Amino acid sequence: MSEREPQRAVTITLPDGSQRRYDRAVTGETLAADIGPGLAKAAIAMRVDGELQDLSRLIDRDAKVAIITRKNEEALELLRHDAAHIMAEAVQELYPETQVTIGPAIENGFYYDFSRAEPFTPEDLARIEARMHEIVDRDERIVREVWERADAIDFFKQDGEHYKAQIIEAIPGDEDITLYRQGDFIDLCRGPHLPSTGKLGHAFKLMSVAGAYWRGDAKNEMLQRIYGTAWRDEKELKEYLHRLEEAEKRDHRKLGKEMGLFHFQEEAPGAVFWHPKGWTLFQSLIAYMRRRQDAAGYLEINTPEVMDRSLWEASGHWEKFGENMYTTITPDERTYAIKPMNCPGCVQVFKIGMKSYRDLPLKMAEFGKVHRYEPSGALHGLMRVRAFTQDDAHIFCSEDQLQDECVTVTRLILDIYKDFGFTDVRLKFSDRPSKRIGSNDVWDKSEAALRAAIEATGLEYSYNPGEGAFYGPKIEFVLRDAIGRDWQCGTLQVDLNLPGRLGATYIGADGAKHHPVMLHRALFGSLERFTGILIEHYAGRFPLWLAPEQVVVATITSKADDYAYAVLKALRQAGIRAEADVRNEKINYKVREHSLVKTPIILVVGEREAAERTVNVRRLSVDQQESLALDDAVNRLVAEAKAPS
């Protein structure tokens, strides 16, 4: 079915403010051609009054219109969406018995779920990818069609596409049923799409096959999901594939095993078994954060890990977060929960003794161990666990102090990230989720206060709708690591709900009781996760101050053993984390072995060094060696190993 062309004049306003007038409706293709042949060639879609649309759609009213090219931010999602459709076309050409189901664009790529009796093999993926390139070269025009619901259902049923028929039956009755045709392939889709398959280009690659249940329900049929990646050009594709190679080399699970930092086992899924070196690294992070928090005026507390159900009911966690909580019933029939968050316990500490407005802001920090149930399939090394430690803090303040405290926390977080080598940090503002506590008036007030605070910093931020905590809006701090990946770590949340629910008050200047504002603040977030991020960011090659084992003293000959232990003693007395390797092995073997576990400094000693009281300094990944007097070497290492701030 085709759209009827309205016979009315339209005025189109372009992004630069200029206007073009037409005596009837025009397509985006016509508009782009009128602006210039270069734009017509580059155009892939358009945005009409903020809505992304096909270039072939008619603009039948006065509207603000922007022509989209590959350079625009929206281009990647559009290209990936079309890559999924072209992959589905390739699959059905090669394997006609296959049913197609759902195929969206995702971060860094796309996938499509297929119903096929035979499993796809790596050889199949190569054939499918080759056929995709052929379809791109065909440059098939992609045409949008609006169908009657019953006709569309009948069409797909007759074509053996029962999944598509089910999808149409679930679409609300007031929505158009749109199909897209490219060559002989027809697919159900809301769109928009590129003008033709040739506009996709050849910067794509099929990556893997995985299982996926229809509609995500384990009771339904297991489908085959083919993942791919697609980019604007070959350069971007090569850069992405290089990042994947780097990510594999940097995988914290692999490096954690090689470096002897930690392990996991089935008896405690999602919980970390820290080894001595890993625990040293973990404690170094805590020690660093303690120094920063002490300097910023925080008081450290510690609260119980197991508390009665009544507290979690009062806080709202039982209702809004209950499915993620571990609970138990004791022989005296009391129900307890292992804490999934530290905030209710902190409020209990605040409530002890009377607080005055003169005591505010009151900053309480806690390295609290929390437990949250995560599905087994979501667990991923240190990055996604069930038991983890948060560097939580809760700031109790008045509404007048709220903005200044938010600015102070934001600046502290950004300064801390710099100490770990993260200088590219993105801020995201997240507002009320659908599942929440508190009235809309309270949420309006909380969101306005947090937005004013983030704007007062002068920093740029993006909007992340519906992703706030159930008790208040939040700012998320997203780090970009050494190979360009983004990690959400720290958070700052404004809470006008929990203090009132748990009865926290202070005496104001007017002599009356008031509920404080509660700021929830995490800098690293999960220390386990931040440790994993650091391992991958540094590829295990930690800066000297953070390395769990900073120095190894390695002997060339057993005649230098006594001197090696003397060097070790001097290092440890100076506060350096050091070990001695006096095994009866060749020095090249020792150097190679300690290099593999990423020891930053190896001090090699033999008979000559013992006689001269010197050390031969070898640094990780540096070919050049240096001979230093022992005292000079110790003093230099102490200076280098000094923690930031």
# chains A, B, ... in the order shown; residues from 1 in each chain; ligands from 1

$ residues_around --residues "segment 32-49 of chain A" --least-positions-apart "4" --cutoff "7 Å" --atoms "only C-alpha atoms" --output "PyMOL selection string"
chain A and resi 28+53-55+63-69+194-195

$ select_by_dssp --residues "segment 98-157 of chain A" --states "helix (DSSP H, G or I)" --output "list in words"
Pro122, Glu123, Asp124, Leu125, Ala126, Arg127, Ile128, Glu129, Ala130, Arg131, Met132, His133, Glu134, Ile135, Val136, Asp137, Arg138, Arg149, Ala150, Asp151, Ala152, Ile153, Asp154, Phe155, Phe156 and Lys157 of chain A

$ residues_around --residues "segment 556-564 of chain A" --least-positions-apart "4" --cutoff "7 Å" --atoms "only C-alpha atoms" --output "list in words"
Leu568, Ala580, Val582, Lys586, Ile587, Val604, Val605, Gly606, Glu607 and Ala610 of chain A

$ select_by_dssp --residues "segment 208-241 of chain A" --states "strand (DSSP E)" --output "PyMOL selection string"
chain A and resi 208-213+222-230

$ write_last_selection --atoms "N, CA and C atoms" --output "PDB file, in the first residue's frame"
ATOM      1  N   SER A 208      29.660 -14.239  15.928  1.00  0.00           N
ATOM      2  CA  SER A 208      29.446 -15.469  16.704  1.00  0.00           C
ATOM      3  C   SER A 208      27.994 -15.917  16.609  1.00  0.00           C
ATOM      4  N   VAL A 209      27.756 -17.121  17.107  1.00  0.00           N
ATOM      5  CA  VAL A 209      26.395 -17.676  17.219  1.00  0.00           C
ATOM      6  C   VAL A 209      26.165 -18.071  18.671  1.00  0.00           C
ATOM      7  N   ALA A 210      24.980 -17.776  19.180  1.00  0.00           N
ATOM      8  CA  ALA A 210      24.633 -18.154  20.555  1.00  0.00           C
ATOM      9  C   ALA A 210      23.173 -18.597  20.584  1.00  0.00           C
ATOM     10  N   GLY A 211      22.782 -19.238  21.653  1.00  0.00           N
ATOM     11  CA  GLY A 211      21.391 -19.633  21.834  1.00  0.00           C
ATOM     12  C   GLY A 211      20.597 -18.513  22.477  1.00  0.00           C
ATOM     13  N   ALA A 212      19.308 -18.435  22.150  1.00  0.00           N
ATOM     14  CA  ALA A 212      18.429 -17.422  22.748  1.00  0.00           C
ATOM     15  C   ALA A 212      17.000 -17.943  22.686  1.00  0.00           C
ATOM     16  N   TYR A 213      16.290 -17.876  23.815  1.00  0.00           N
ATOM     17  CA  TYR A 213      14.900 -18.340  23.830  1.00  0.00           C
ATOM     18  C   TYR A 213      13.995 -17.320  23.157  1.00  0.00           C
ATOM     19  N   MET A 222      14.276 -22.723  21.736  1.00  0.00           N
ATOM     20  CA  MET A 222      15.615 -22.156  21.674  1.00  0.00           C
ATOM     21  C   MET A 222      15.915 -21.784  20.227  1.00  0.00           C
ATOM     22  N   LEU A 223      16.220 -20.517  20.000  1.00  0.00           N
ATOM     23  CA  LEU A 223      16.565 -20.013  18.675  1.00  0.00           C
ATOM     24  C   LEU A 223      18.075 -19.879  18.545  1.00  0.00           C
ATOM     25  N   GLN A 224      18.544 -19.555  17.353  1.00  0.00           N
ATOM     26  CA  GLN A 224      19.970 -19.317  17.122  1.00  0.00           C
ATOM     27  C   GLN A 224      20.175 -17.828  16.844  1.00  0.00           C
ATOM     28  N   ARG A 225      20.999 -17.207  17.649  1.00  0.00           N
ATOM     29  CA  ARG A 225      21.246 -15.768  17.527  1.00  0.00           C
ATOM     30  C   ARG A 225      22.615 -15.548  16.898  1.00  0.00           C
ATOM     31  N   ILE A 226      22.625 -14.914  15.740  1.00  0.00           N
ATOM     32  CA  ILE A 226      23.887 -14.567  15.088  1.00  0.00           C
ATOM     33  C   ILE A 226      24.207 -13.109  15.398  1.00  0.00           C
ATOM     34  N   TYR A 227      25.385 -12.899  15.969  1.00  0.00           N
ATOM     35  CA  TYR A 227      25.843 -11.548  16.291  1.00  0.00           C
ATOM     36  C   TYR A 227      26.782 -11.035  15.204  1.00  0.00           C
ATOM     37  N   GLY A 228      26.682  -9.745  14.930  1.00  0.00           N
ATOM     38  CA  GLY A 228      27.604  -9.108  14.013  1.00  0.00           C
ATOM     39  C   GLY A 228      27.949  -7.717  14.492  1.00  0.00           C
ATOM     40  N   THR A 229      28.915  -7.114  13.860  1.00  0.00           N
ATOM     41  CA  THR A 229      29.264  -5.726  14.154  1.00  0.00           C
ATOM     42  C   THR A 229      29.270  -4.959  12.845  1.00  0.00           C
ATOM     43  N   ALA A 230      28.907  -3.677  12.904  1.00  0.00           N
ATOM     44  CA  ALA A 230      28.867  -2.841  11.698  1.00  0.00           C
ATOM     45  C   ALA A 230      29.282  -1.423  12.066  1.00  0.00           C
TER      46      ALA A 230
END

$ residues_around --residues "Arg309 of chain A" --least-positions-apart "3" --cutoff "7 Å" --atoms "only C-alpha atoms" --output "ChimeraX atom specification"
/A:312-313,335-337

$ closest_residue --among "A:Lys474, A:Lys249, A:Lys277, A:Arg451" --to "Leu261 of chain A" --atoms "only C-alpha atoms"
A:Lys277

$ closest_residue --among "A:Met289, A:Leu519, A:Leu630, A:Ile186" --to "Glu89 of chain A" --atoms "only C-alpha atoms"
A:Ile186

$ residues_around --residues "Arg138 of chain A" --least-positions-apart "3" --cutoff "12 Å" --atoms "only C-alpha atoms" --output "list of chain:residue names"
A:Ile86, A:Arg131, A:Met132, A:His133, A:Glu134, A:Ile135, A:Arg141, A:Ile142, A:Gln182, A:Gly183, A:Ser196, A:Thr197, A:Gly198, A:Lys199, A:Leu200, A:Gly201

$ closest_atom_pairs --of "segment 320-358 of chain A" --to "segment 365-373 of chain A" --cutoff "7 Å" --atoms "only C-alpha atoms" --output "tab-separated table"
residue	atom	partner	partner_atom	distance
A:Asn324	CA	A:Tyr373	CA	4.6
A:Met325	CA	A:Arg372	CA	5.5
A:Tyr326	CA	A:Tyr373	CA	6.9
A:Ile338	CA	A:His371	CA	6.4
A:Lys339	CA	A:Val370	CA	5.5
A:Pro340	CA	A:Val370	CA	4.8
A:Met341	CA	A:Val370	CA	5.9
A:Asn342	CA	A:Gly368	CA	6.3
